[in-house]
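Written below as structure tokens is the structure these notes are about.
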Amino acid sequence: MIWIDQTLGEGLRIGMDKENINSMVELLQSFQIGIIDVKVTDWQKCSLPPLGMLQQKQIRGKINGTIDEVELAYSLGFRNIIIGCAPNPAAGLTNQVNASLLAAQKLELNIGLCIENASNFSIEEIEGLWRDVSTMGVKSFIYSDGNSLLNPLSTSRILTTIVDRIPISVEFHGHNAYGLATANALGAMQAGVKYIATAVAGVGLQGHAAIEEVIMIQKRLLGEKNMETEDLSRNCALILAAFGVEHPATKAIIGQDIFAHESGIHVDGVLKNPQLYEAFSPEEVGAIRKLVIGKHSGTASIKAKFKQRNIILSAIDAQYLLKQVRKLAVMQKKAVDDDALWRIYQDKVV
Amino acid sequence: MKGRTIGIVDTTLRDGEQSPGIVFSAQDKLMIATALDQAGVAFIEAGVPIMGEEEQEAIKLILSAPLKAKVIAWNRAFKEDILASVDCGCSFVHISVPVSDFHIKKKINKSREWVITQLKQSIELAHSFGCTVTVGAEDASRADMEYFLQVADIAAKMGAIHIRYADTVGCLTPVVTHNIFQKLIPRCPLPIEVHMHNDFGLASANTVVALDAGSTLSSTTVSGIGERAGNAGLEEVVTTLHCLYGMDTGIDVRDLKKLSELVMRASNRSAFPYQPVIGRIFL
């Protein structure tokens with residue numbers, strides 16, 4: 001699978017610090033990124049210099065279907081471009097878009113054609129559109145679900161046919177207005193699409209499939225072996241930091257608290273066998289497991305906490321501490337940290 | 001399948017609050033329950049009475065409010081759990097049992113038969129106090145489907161009103177979910193409530209796919225708060241059902257934002273700006 005990155009593009013859109021761009025591009029290479037998409041006008045807006053030789057291979061410029069933007073992309077050094085359009089199904093591509101495709105071809109640019117509103121079309125209409133453009137040097141066809149209209153099963157059904165009928169590389173570019181982007185990306189992958197638009201933590205206007213989720217789905221749910229994911233948490237955290245976005249603590253795969261267990265039943269289970277309540281181990285994504293003591297704790301958690309200090313609690317003491325812990329947690333409306341737990345122990349038990 | 005009505009079983013106050021560090025005060029719980037009720041949620045899972053006094057006070061407070069929604073207490077299949085719920089005045093009790101061999105052996109070191117005996121005794125006990133019972137099948141996605149159906153049959157024969165199918169570690173994909181529910185729905189004697197976790201970011205998708213396959217009840221939490229990476233989010237599930245599947249949940253989509261703000265405030269958290277439906281980027 002080859003991921004088409006949308007993270008940097010969102011960074012430029014929100015005006016991220018220019019200093020961070022190169023390090024972000026470097027970090028993104030740690031994933032299996034085919035190419036990084038940015039809007040050409042955002043590149044210009046951020047006053048970035050024309051692309052260097054290496055960047056020309058790494059970065060692709062998105063433009064709308066006008067000759068002006070084709071020329072702008074060329075002058076900024078873009079050699080890979082996407083011409084995006086949202087045509088009317090009945091009318092097909094506009095003359096303007098056709099003219100921009102020809103202009104891009106003359107400049108020998110590597111062209112992707114993105115139908116932003118593809119999910120508004122029937123498969124027959126998409127095929128009809130494709131017949132109009134197939135002679136214009138387009139190297140890849142980008143099926144975009146601009147309005148988040150697809151669900152996982154419809155994505156799979158539609159993309160199976162698209163891959164079958166369109167003879168060039170097909171890319172799937174889903175959005176996340178309803179929270180289905182990762183599942184839809186998976187649907188496209190299962191339909192045989194090789195190029196999938198993703199972003200770290202699913203960032204982007206209207207959101208994208210989260211790259212860390214599709215990677216772990218591939219590894220754990222689709223059975224792809226030999227994937228190195230130990231740096232996933234760290235790299236995503238660094239990218240979000242470069243971005244200026246707070247790292248979400250409970251975000252699937254990368255949240256710092258997704259291996260924090262508090263409730264009595266869960267902690268008791270995790271102490272016996274972590275797989276009872278974990279879909280994969282924290283080590284696998286470079287995270288750590290935490291035992292949180294709070295309102296939902298059971299005696300097993302309290303005992304385990306003290307065992308870490310080589311103290312074996314009696315059942316009565318554990319029961320007593322648990323009662324105090326619950327009281328304190330409710331009173332302060334948060335978990336009970338180690339110091340507070342220790343104080344309760346010192347005051348009452350010792 | 002268009003035009004069906006889906007009942008929401010919201011567990012913000014139980015599974016949601018189990019997210020490490022979140023503690024709702026009794027007043028928070030009452031406010032959230034009232035807002036869920038006003039939004040049109042059918043069932044509110046309010047908490048776990050056996051946990052102790054603080055929890056019991058909160059549940060009693062919710063039960064004393066004039067709500068249309070059914071207020072459910074969560075229980076293990078143990079006598080002391082059921083009695084704690086009855087003592088709070090609960091008339092709807094959820095009784096949860098592990099159904100995967102992995103959970104039955106590694107967590108409680110018992111047998112399938114033991115689980116069924118416990119379940120039967122617990123349902124009987126709850127019924128003896130006049131309670132209505134719903135049954136939960138923990139770790140159903142890693143269980144033998146035939147055993148899930150056996151539990152469902154027993155629950156149905158004893159008069160439980162629905163059964164929860166829990167993807168406890170969030171390991172289902174939409175395709176697998178669809179296949180499972182297409183097989184389960186025609187054979188399951190009870191309505192199935194789908195309870196999906198978000199460990200791979202698929203909770204909402206798996207939920208709507210299971211509903212599309214014929215389930216009639218959806219478990220959710222506001223903003224998707226819950227154990228680890230959380231549960232299927234109420235906002236995502238309701239909006240997807242309304243906008244993409246043409247299904248009704250009895251919930252006014254316009255109430256969702258206020259509800260999510262209320263729960264985020266009580267949780268002392270803020271929504272990730274890119275979180276669908278409720279994140280800043282989508283407003």
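Identifiers in this document derive from the order of the structure tokens: chains are assigned A, B, ..., residues are numbered from 1 separately in each chain, and ligands are numbered from 1 in order of occurrence.
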
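Proximity to stretch 316-318 of chain A at 7 Å, evaluated using only C-alpha atoms and with sequence-adjacent residues fewer than 6 positions away removed, yields Thr299, Ile302, Lys303 and Val349 of chain A.
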
(Q) If we count only C-alpha atoms and set the cut-off at 12 Å, which residues sit around A:His247, ignoring sequence neighbours fewer than 4 positions away in its own chain? Please answer as a ChimeraX atom specification. (A) /A:200-201,203,233-243,251-257 /B:270-274

Q.
When DSSP is applied to the backbone of this structure, which of stretch 140-276 of chain A are assigned strand (DSSP E or B)? Write them out as a ChimeraX atom specification.
A. /A:140-145,169-173,195-199,209-210,260-261

Q) Any idea what the distance is between atom CA of A:Gln346 and atom CA of B:Ile22? A)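 Between atom CA of A:Gln346 and atom CA of B:Ile22 the gap is 25.7 Å.
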
Using only C-alpha atoms, find each residue in chain B having at least one atom no more than 7 Å away from chain A; report its shortest atom-to-atom pair and that distance in Å (one decimal), rows by chain then rising number, as a Markdown table.
| residue | atom | partner | partner_atom | distance |
| --- | --- | --- | --- | --- |
| B:Gln18 | CA | A:Ser263 | CA | 6.0 |
| B:Pro20 | CA | A:Glu262 | CA | 5.2 |
| B:Gly21 | CA | A:Ala335 | CA | 4.6 |
| B:Ile22 | CA | A:Lys334 | CA | 6.0 |
| B:Val23 | CA | A:Lys333 | CA | 5.1 |
| B:Phe24 | CA | A:Lys333 | CA | 6.7 |
| B:Ser25 | CA | A:Val330 | CA | 6.3 |
| B:His103 | CA | A:Leu276 | CA | 6.4 |
| B:Lys107 | CA | A:Gly269 | CA | 5.6 |
| B:Val169 | CA | A:Ala279 | CA | 5.2 |
| B:Gly170 | CA | A:Ala279 | CA | 6.9 |
| B:Cys171 | CA | A:Ala279 | CA | 6.5 |
| B:Pro174 | CA | A:Pro152 | CA | 6.6 |
| B:Asn198 | CA | A:Ala252 | CA | 6.5 |
| B:Asp199 | CA | A:Ala252 | CA | 5.2 |
| B:Phe200 | CA | A:Glu213 | CA | 5.5 |
| B:Gly201 | CA | A:Ala252 | CA | 5.7 |
| B:Leu202 | CA | A:Ala183 | CA | 5.9 |
| B:Ser204 | CA | A:Gly179 | CA | 6.7 |
| B:Ala205 | CA | A:Leu180 | CA | 5.6 |
| B:Arg228 | CA | A:Ile258 | CA | 4.0 |
| B:Ala229 | CA | A:Ala252 | CA | 4.8 |
| B:Glu236 | CA | A:Tyr178 | CA | 5.4 |
| B:Thr239 | CA | A:Tyr178 | CA | 6.7 |
| B:Thr240 | CA | A:Tyr178 | CA | 5.7 |
| B:Leu244 | CA | A:Leu149 | CA | 6.6 |
| B:Phe272 | CA | A:Pro248 | CA | 6.0 |
| B:Tyr274 | CA | A:Val203 | CA | 5.8 |
| B:Pro276 | CA | A:Gly179 | CA | 5.3 |
| B:Val277 | CA | A:Ala177 | CA | 6.2 |
| B:Ile281 | CA | A:Leu205 | CA | 6.7 |
| B:Phe282 | CA | A:Gln206 | CA | 6.5 |

Residues of the last selection are to be written out with C-alpha atoms, as a PDB file, in the first residue's frame.
ATOM      1  CA  GLN B  18     -14.428   4.511  32.748  1.00  0.00           C
ATOM      2  CA  PRO B  20      -9.047   6.850  32.943  1.00  0.00           C
ATOM      3  CA  GLY B  21      -9.127  10.136  34.819  1.00  0.00           C
ATOM      4  CA  ILE B  22     -12.718  11.053  34.066  1.00  0.00           C
ATOM      5  CA  VAL B  23     -14.863  11.437  37.152  1.00  0.00           C
ATOM      6  CA  PHE B  24     -18.388  12.758  36.960  1.00  0.00           C
ATOM      7  CA  SER B  25     -19.924  14.179  40.101  1.00  0.00           C
ATOM      8  CA  HIS B 103     -12.116 -14.198  28.648  1.00  0.00           C
ATOM      9  CA  LYS B 107      -9.937 -13.656  33.128  1.00  0.00           C
ATOM     10  CA  VAL B 169     -11.018  -4.659  22.075  1.00  0.00           C
ATOM     11  CA  GLY B 170     -12.247  -3.023  18.862  1.00  0.00           C
ATOM     12  CA  CYS B 171     -10.834  -5.665  16.542  1.00  0.00           C
ATOM     13  CA  PRO B 174     -16.629  -3.275   8.591  1.00  0.00           C
ATOM     14  CA  ASN B 198     -12.400   2.409  18.762  1.00  0.00           C
ATOM     15  CA  ASP B 199      -8.947   0.834  19.085  1.00  0.00           C
ATOM     16  CA  PHE B 200      -8.365   0.994  15.321  1.00  0.00           C
ATOM     17  CA  GLY B 201     -10.563   4.022  14.645  1.00  0.00           C
ATOM     18  CA  LEU B 202     -13.383   1.861  13.282  1.00  0.00           C
ATOM     19  CA  SER B 204     -18.527   4.260  14.322  1.00  0.00           C
ATOM     20  CA  ALA B 205     -18.092   2.494  10.991  1.00  0.00           C
ATOM     21  CA  ARG B 228      -8.611   3.262  25.882  1.00  0.00           C
ATOM     22  CA  ALA B 229      -9.398   4.887  22.513  1.00  0.00           C
ATOM     23  CA  GLU B 236     -20.872  10.300  14.605  1.00  0.00           C
ATOM     24  CA  THR B 239     -25.239  11.944  12.084  1.00  0.00           C
ATOM     25  CA  THR B 240     -24.141   9.066   9.854  1.00  0.00           C
ATOM     26  CA  LEU B 244     -26.053   8.553   4.933  1.00  0.00           C
ATOM     27  CA  PHE B 272      -9.517  17.272  19.177  1.00  0.00           C
ATOM     28  CA  TYR B 274     -10.182  17.368  13.791  1.00  0.00           C
ATOM     29  CA  PRO B 276     -15.571  14.501  13.127  1.00  0.00           C
ATOM     30  CA  VAL B 277     -18.860  16.298  13.735  1.00  0.00           C
ATOM     31  CA  ILE B 281     -12.657  22.161  11.931  1.00  0.00           C
ATOM     32  CA  PHE B 282     -16.098  20.700  11.202  1.00  0.00           C
TER      33      PHE B 282
END

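Atom CA of B:Ser128 is positioned 24.7 Å from atom CA of B:Val99.
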
Q) Just asking: which residues within stretch 227-301 of chain A are helix (DSSP H, G or I) according to DSSP, as a PyMOL selection string? A) chain A and resi 232-243+264-272+274-276+282-285+299-301

**Q.** Nearest-residue call for A:Glu171, choices A:Ser281, A:Gln308, A:Thr198, A:Ser23, using only C-alpha atoms
**A.**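 Going through A:Ser281, A:Gln308, A:Thr198, A:Ser23 one by one, the smallest distance to A:Glu171 is for A:Thr198.
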
(Q) Please determine, counting only C-alpha atoms, which residue among B:Ile225, B:Val263, B:Arg280, B:Val86 has the shortest atom-to-atom distance to B:Asp28. (A) B:Val263

**Q.** Residue neighbourhood B:Gly7, 6 Å, only C-alpha atoms, exclusion window fewer than 3 positions, as a list in words
**A.**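 Near neighbours after the sequence-gap exclusion: Ala42, Leu217 and Thr249 of chain B.
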
Q: Show which residues sit within 9 Å of B:Ile62, as an MDAnalysis selection string. Count only C-alpha atoms, and ignore same-chain residues fewer than 5 positions away.
A: chainID B and resid 26 29:31 33:34 46 57 67 71

What would the file look like if the residues just selected were written as an mmCIF file, in the first residue's frame with N, CA, C and O atoms?
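Okay, result-v3.cif is ready:
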data_model
loop_
_atom_site.group_PDB
_atom_site.id
_atom_site.type_symbol
_atom_site.label_atom_id
_atom_site.label_comp_id
_atom_site.auth_asym_id
_atom_site.auth_seq_id
_atom_site.Cartn_x
_atom_site.Cartn_y
_atom_site.Cartn_z
ATOM 1 N N ALA B 26 -22.079 13.551 41.022
ATOM 2 C CA ALA B 26 -23.486 13.168 40.925
ATOM 3 C C ALA B 26 -24.268 14.228 40.153
ATOM 4 O O ALA B 26 -25.127 13.917 39.329
ATOM 5 N N LYS B 29 -23.583 13.878 36.503
ATOM 6 C CA LYS B 29 -24.324 12.736 35.951
ATOM 7 C C LYS B 29 -25.787 13.094 35.717
ATOM 8 O O LYS B 29 -26.369 12.750 34.693
ATOM 9 N N LEU B 30 -26.356 13.810 36.672
ATOM 10 C CA LEU B 30 -27.764 14.210 36.533
ATOM 11 C C LEU B 30 -27.927 15.141 35.326
ATOM 12 O O LEU B 30 -28.837 14.961 34.506
ATOM 13 N N MET B 31 -27.010 16.091 35.203
ATOM 14 C CA MET B 31 -27.102 17.041 34.084
ATOM 15 C C MET B 31 -26.960 16.332 32.745
ATOM 16 O O MET B 31 -27.688 16.604 31.791
ATOM 17 N N ALA B 33 -27.475 13.086 32.117
ATOM 18 C CA ALA B 33 -28.631 12.216 31.889
ATOM 19 C C ALA B 33 -29.825 13.031 31.399
ATOM 20 O O ALA B 33 -30.537 12.622 30.474
ATOM 21 N N THR B 34 -30.024 14.189 31.996
ATOM 22 C CA THR B 34 -31.152 15.044 31.585
ATOM 23 C C THR B 34 -30.975 15.491 30.134
ATOM 24 O O THR B 34 -31.928 15.463 29.348
ATOM 25 N N ALA B 46 -26.486 4.227 33.382
ATOM 26 C CA ALA B 46 -26.156 5.309 34.310
ATOM 27 C C ALA B 46 -24.929 5.042 35.165
ATOM 28 O O ALA B 46 -24.324 5.976 35.691
ATOM 29 N N GLU B 57 -25.288 7.075 44.978
ATOM 30 C CA GLU B 57 -25.963 8.361 45.163
ATOM 31 C C GLU B 57 -26.286 8.991 43.814
ATOM 32 O O GLU B 57 -27.372 9.511 43.594
ATOM 33 N N LEU B 67 -37.414 11.396 33.831
ATOM 34 C CA LEU B 67 -36.862 11.150 32.492
ATOM 35 C C LEU B 67 -37.748 10.188 31.706
ATOM 36 O O LEU B 67 -38.340 9.275 32.268
ATOM 37 N N VAL B 71 -33.546 4.124 32.471
ATOM 38 C CA VAL B 71 -32.239 4.249 33.137
ATOM 39 C C VAL B 71 -31.757 2.863 33.563
ATOM 40 O O VAL B 71 -32.435 2.153 34.305
#

Q | Atom pair atom CA of A:Ser144 / atom CA of A:Cys114: separation (Å) | A |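 Going from atom CA of A:Ser144 over to atom CA of A:Cys114, I get 6.7 Å.
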
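Using only C-alpha atoms, the protein and nucleic acid residues lying no more than 9 Å from A:Gly15, apart from those fewer than 2 places from it along its own chain, are Glu10, Gly11, Leu12, Arg13, Asp17, Lys18, Asp42, Lys45 and Cys46 of chain A.
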